[in-house]
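Structure data follow from protein06.json (JSON, C-alpha atoms):
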```
[["chain", "number", "residue", "atom", "x", "y", "z"],
["R", 212, "MET", "CA", 94.90, 98.23, 134.13],
["R", 213, "THR", "CA", 93.41, 100.84, 131.82],
["R", 214, "SER", "CA", 92.16, 99.98, 128.35],
["R", 215, "PHE", "CA", 94.98, 102.13, 126.98],
["R", 216, "GLY", "CA", 97.54, 100.03, 128.86],
["R", 217, "LYS", "CA", 95.93, 96.82, 127.63],
["R", 218, "GLY", "CA", 96.05, 98.17, 124.08],
["R", 219, "LEU", "CA", 99.76, 98.93, 124.41],
["R", 220, "ILE", "CA", 100.47, 95.42, 125.65],
["R", 221, "GLU", "CA", 98.45, 93.90, 122.79],
["R", 222, "ALA", "CA", 100.30, 96.12, 120.29],
["R", 223, "ALA", "CA", 103.64, 94.96, 121.70],
["R", 224, "HIS", "CA", 102.58, 91.31, 121.34],
["R", 225, "GLN", "CA", 101.53, 91.96, 117.74],
["R", 226, "ALA", "CA", 104.83, 93.70, 116.98],
["R", 227, "VAL", "CA", 106.78, 90.72, 118.33],
["R", 228, "ALA", "CA", 104.70, 88.34, 116.19],
["R", 229, "ILE", "CA", 105.29, 90.46, 113.06],
["R", 230, "ALA", "CA", 109.02, 90.78, 113.72],
["R", 231, "GLY", "CA", 109.28, 87.05, 114.36],
["R", 232, "GLY", "CA", 107.40, 86.16, 111.19],
["R", 233, "ASP", "CA", 104.60, 84.52, 113.17],
["R", 234, "ALA", "CA", 101.81, 86.95, 112.26],
["R", 235, "ASP", "CA", 99.40, 86.47, 109.37],
["R", 236, "SER", "CA", 100.61, 88.91, 106.71],
["R", 237, "GLU", "CA", 96.97, 89.60, 105.76],
["R", 238, "THR", "CA", 96.35, 91.21, 109.16],
["R", 239, "TYR", "CA", 98.93, 94.01, 109.10],
["R", 240, "ARG", "CA", 100.66, 96.47, 106.81],
["R", 241, "LEU", "CA", 104.20, 97.75, 107.10],
["R", 242, "HIS", "CA", 104.85, 101.39, 106.27],
["R", 243, "ALA", "CA", 107.92, 102.93, 104.73],
["R", 244, "PRO", "CA", 109.07, 106.16, 106.35],
["R", 245, "SER", "CA", 107.49, 109.24, 104.79],
["R", 246, "GLN", "CA", 110.89, 110.91, 104.36],
["R", 247, "ILE", "CA", 114.38, 109.51, 104.17],
["R", 248, "ASP", "CA", 117.69, 111.31, 103.71],
["R", 249, "ILE", "CA", 119.55, 109.38, 101.02],
["R", 250, "LYS", "CA", 122.54, 111.71, 101.19],
["R", 251, "ALA", "CA", 122.91, 111.09, 104.94],
["R", 252, "ILE", "CA", 122.73, 107.33, 104.36],
["R", 253, "ARG", "CA", 125.37, 107.53, 101.65],
["R", 254, "LYS", "CA", 127.67, 109.71, 103.77],
["R", 255, "ALA", "CA", 127.24, 107.41, 106.81],
["R", 256, "LEU", "CA", 128.49, 104.58, 104.61],
["R", 257, "ASP", "CA", 131.41, 106.79, 103.49],
["R", 258, "LEU", "CA", 130.60, 106.27, 99.81],
["R", 259, "THR", "CA", 130.75, 108.65, 96.88],
["R", 260, "GLN", "CA", 127.64, 109.07, 94.77],
["R", 261, "THR", "CA", 129.16, 106.83, 92.11],
["R", 262, "GLN", "CA", 130.08, 104.12, 94.63],
["R", 263, "PHE", "CA", 126.65, 104.19, 96.30],
["R", 264, "ALA", "CA", 124.79, 104.12, 92.98],
["R", 265, "SER", "CA", 126.90, 101.24, 91.70],
["R", 266, "ARG", "CA", 126.76, 99.21, 94.91],
["R", 267, "PHE", "CA", 123.01, 99.46, 95.43],
["R", 268, "GLY", "CA", 121.73, 99.64, 91.86],
["R", 269, "PHE", "CA", 120.67, 103.26, 91.50],
["R", 270, "PRO", "CA", 121.15, 105.15, 88.25],
["R", 271, "ILE", "CA", 123.61, 107.95, 89.10],
["R", 272, "GLY", "CA", 121.23, 110.60, 87.74],
["R", 273, "THR", "CA", 118.40, 109.33, 89.94],
["R", 274, "LEU", "CA", 120.66, 109.38, 92.99],
["R", 275, "ARG", "CA", 121.69, 112.96, 92.26],
["R", 276, "ASP", "CA", 118.07, 114.02, 91.73],
["R", 277, "LEU", "CA", 117.05, 112.42, 95.05],
["R", 278, "GLU", "CA", 119.93, 113.97, 96.96],
["R", 279, "GLN", "CA", 119.31, 117.43, 95.51],
["R", 280, "GLY", "CA", 115.54, 117.29, 96.09],
["R", 281, "ARG", "CA", 114.60, 117.35, 92.41],
["R", 282, "ALA", "CA", 112.86, 114.00, 92.87],
["R", 283, "GLN", "CA", 111.22, 112.22, 95.79],
["R", 284, "PRO", "CA", 111.59, 108.47, 96.32],
["R", 285, "ASP", "CA", 108.43, 106.38, 96.15],
["R", 286, "SER", "CA", 107.47, 104.17, 99.09],
["R", 287, "SER", "CA", 109.29, 101.08, 97.82],
["R", 288, "THR", "CA", 112.49, 103.09, 97.27],
["R", 289, "ARG", "CA", 112.15, 104.58, 100.77],
["R", 290, "ALA", "CA", 111.76, 101.06, 102.18],
["R", 291, "TYR", "CA", 114.84, 99.90, 100.22],
["R", 292, "LEU", "CA", 116.85, 102.86, 101.49],
["R", 293, "LEU", "CA", 115.77, 102.08, 105.06],
["R", 294, "VAL", "CA", 117.09, 98.53, 104.67],
["R", 295, "ILE", "CA", 120.33, 99.87, 103.17],
["R", 296, "SER", "CA", 120.73, 102.26, 106.10],
["R", 297, "ARG", "CA", 120.28, 99.47, 108.65],
["R", 298, "GLU", "CA", 121.89, 96.46, 106.92],
["R", 299, "PRO", "CA", 124.13, 97.66, 104.08],
["R", 300, "ALA", "CA", 126.38, 94.58, 104.13],
["R", 301, "LEU", "CA", 123.38, 92.26, 103.88],
["R", 302, "VAL", "CA", 121.96, 94.19, 100.92],
["R", 303, "GLN", "CA", 125.34, 94.11, 99.20],
["R", 304, "ARG", "CA", 125.69, 90.31, 99.74],
["R", 305, "VAL", "CA", 122.21, 89.69, 98.37],
["R", 306, "LEU", "CA", 122.82, 91.84, 95.30],
["R", 307, "GLU", "CA", 126.19, 90.21, 94.64],
["R", 308, "SER", "CA", 124.64, 86.74, 94.77],
["R", 309, "ALA", "CA", 121.75, 87.62, 92.43]]
```

Would you mind writing the file out in structure tokens?
Amino acid sequence: MTSFGKGLIEAAHQAVAIAGGDADSETYRLHAPSQIDIKAIRKALDLTQTQFASRFGFPIGTLRDLEQGRAQPDSSTRAYLLVISREPALVQRVLESA
């Protein structure tokens, strides 16, 4: 097997360990996507701007600025939006129980 192939296998093993919570968090870094379409996420959830902002804790003005490109989300906001896009019900349950 080539060194490239071995590297891919090792990377897959590391990814499984990270996803399973078995990896040492000091040995890796997770990255938020560089761009995320908040309007597409909101529309996929079939929510109005007001509903989305209220449900997920965004000031309505911030949401509008993000959707209209007047502001760009920072990395933590992009990560939060990614979680919302993948697990909206989970995020809502967590926020409701806080």

**Prompt:** Got a sec: who's within 7 Å of R:Ala243, counting all atoms listed in the file, leaving out chain neighbours fewer than 6 positions off, as a PyMOL selection string?
**Reply:** chain R and resi 286+289-290

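What separates atom CA of R:Val227 from atom CA of R:His242 is a distance of 16.2 Å.
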
Polymer residues at most 12 Å from R:Ala300, all atoms listed in the file, same-chain spacing of 6 or more positions, as an mmCIF file with C-alpha atoms, keeping the file's coordinate frame:
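This went into part-v4.cif:
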```
data_model
loop_
_atom_site.group_PDB
_atom_site.id
_atom_site.type_symbol
_atom_site.label_atom_id
_atom_site.label_comp_id
_atom_site.auth_asym_id
_atom_site.auth_seq_id
_atom_site.Cartn_x
_atom_site.Cartn_y
_atom_site.Cartn_z
ATOM 1 C CA LEU R 256 128.490 104.580 104.610
ATOM 2 C CA ARG R 266 126.760 99.210 94.910
ATOM 3 C CA PHE R 267 123.010 99.460 95.430
ATOM 4 C CA VAL R 294 117.090 98.530 104.670
ATOM 5 C CA LEU R 306 122.820 91.840 95.300
ATOM 6 C CA GLU R 307 126.190 90.210 94.640
#
```

**Asked** What gap, in Å, lies between atom CA of R:Leu292 and atom CA of R:Asp248?
**Response** 8.8 Å

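We find atom CA of R:Val305 and atom CA of R:Gly232 to be spaced 19.9 Å apart.
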
**Request:** Could you give me, as a PyMOL selection string, the residues that sit within 10 Å of (108.6, 107.7, 97.8) in the file's coordinates, counting all atoms listed in the file?
**Result:** chain R and resi 243-247+282-290

Kindly export the residues of the current selection with C-alpha atoms, as a PDB file, keeping the file's coordinate frame.
```pdb
ATOM      1  CA  ALA R 243     107.920 102.930 104.730  1.00  0.00           C
ATOM      2  CA  PRO R 244     109.070 106.160 106.350  1.00  0.00           C
ATOM      3  CA  SER R 245     107.490 109.240 104.790  1.00  0.00           C
ATOM      4  CA  GLN R 246     110.890 110.910 104.360  1.00  0.00           C
ATOM      5  CA  ILE R 247     114.380 109.510 104.170  1.00  0.00           C
ATOM      6  CA  ALA R 282     112.860 114.000  92.870  1.00  0.00           C
ATOM      7  CA  GLN R 283     111.220 112.220  95.790  1.00  0.00           C
ATOM      8  CA  PRO R 284     111.590 108.470  96.320  1.00  0.00           C
ATOM      9  CA  ASP R 285     108.430 106.380  96.150  1.00  0.00           C
ATOM     10  CA  SER R 286     107.470 104.170  99.090  1.00  0.00           C
ATOM     11  CA  SER R 287     109.290 101.080  97.820  1.00  0.00           C
ATOM     12  CA  THR R 288     112.490 103.090  97.270  1.00  0.00           C
ATOM     13  CA  ARG R 289     112.150 104.580 100.770  1.00  0.00           C
ATOM     14  CA  ALA R 290     111.760 101.060 102.180  1.00  0.00           C
TER      15      ALA R 290
END
```
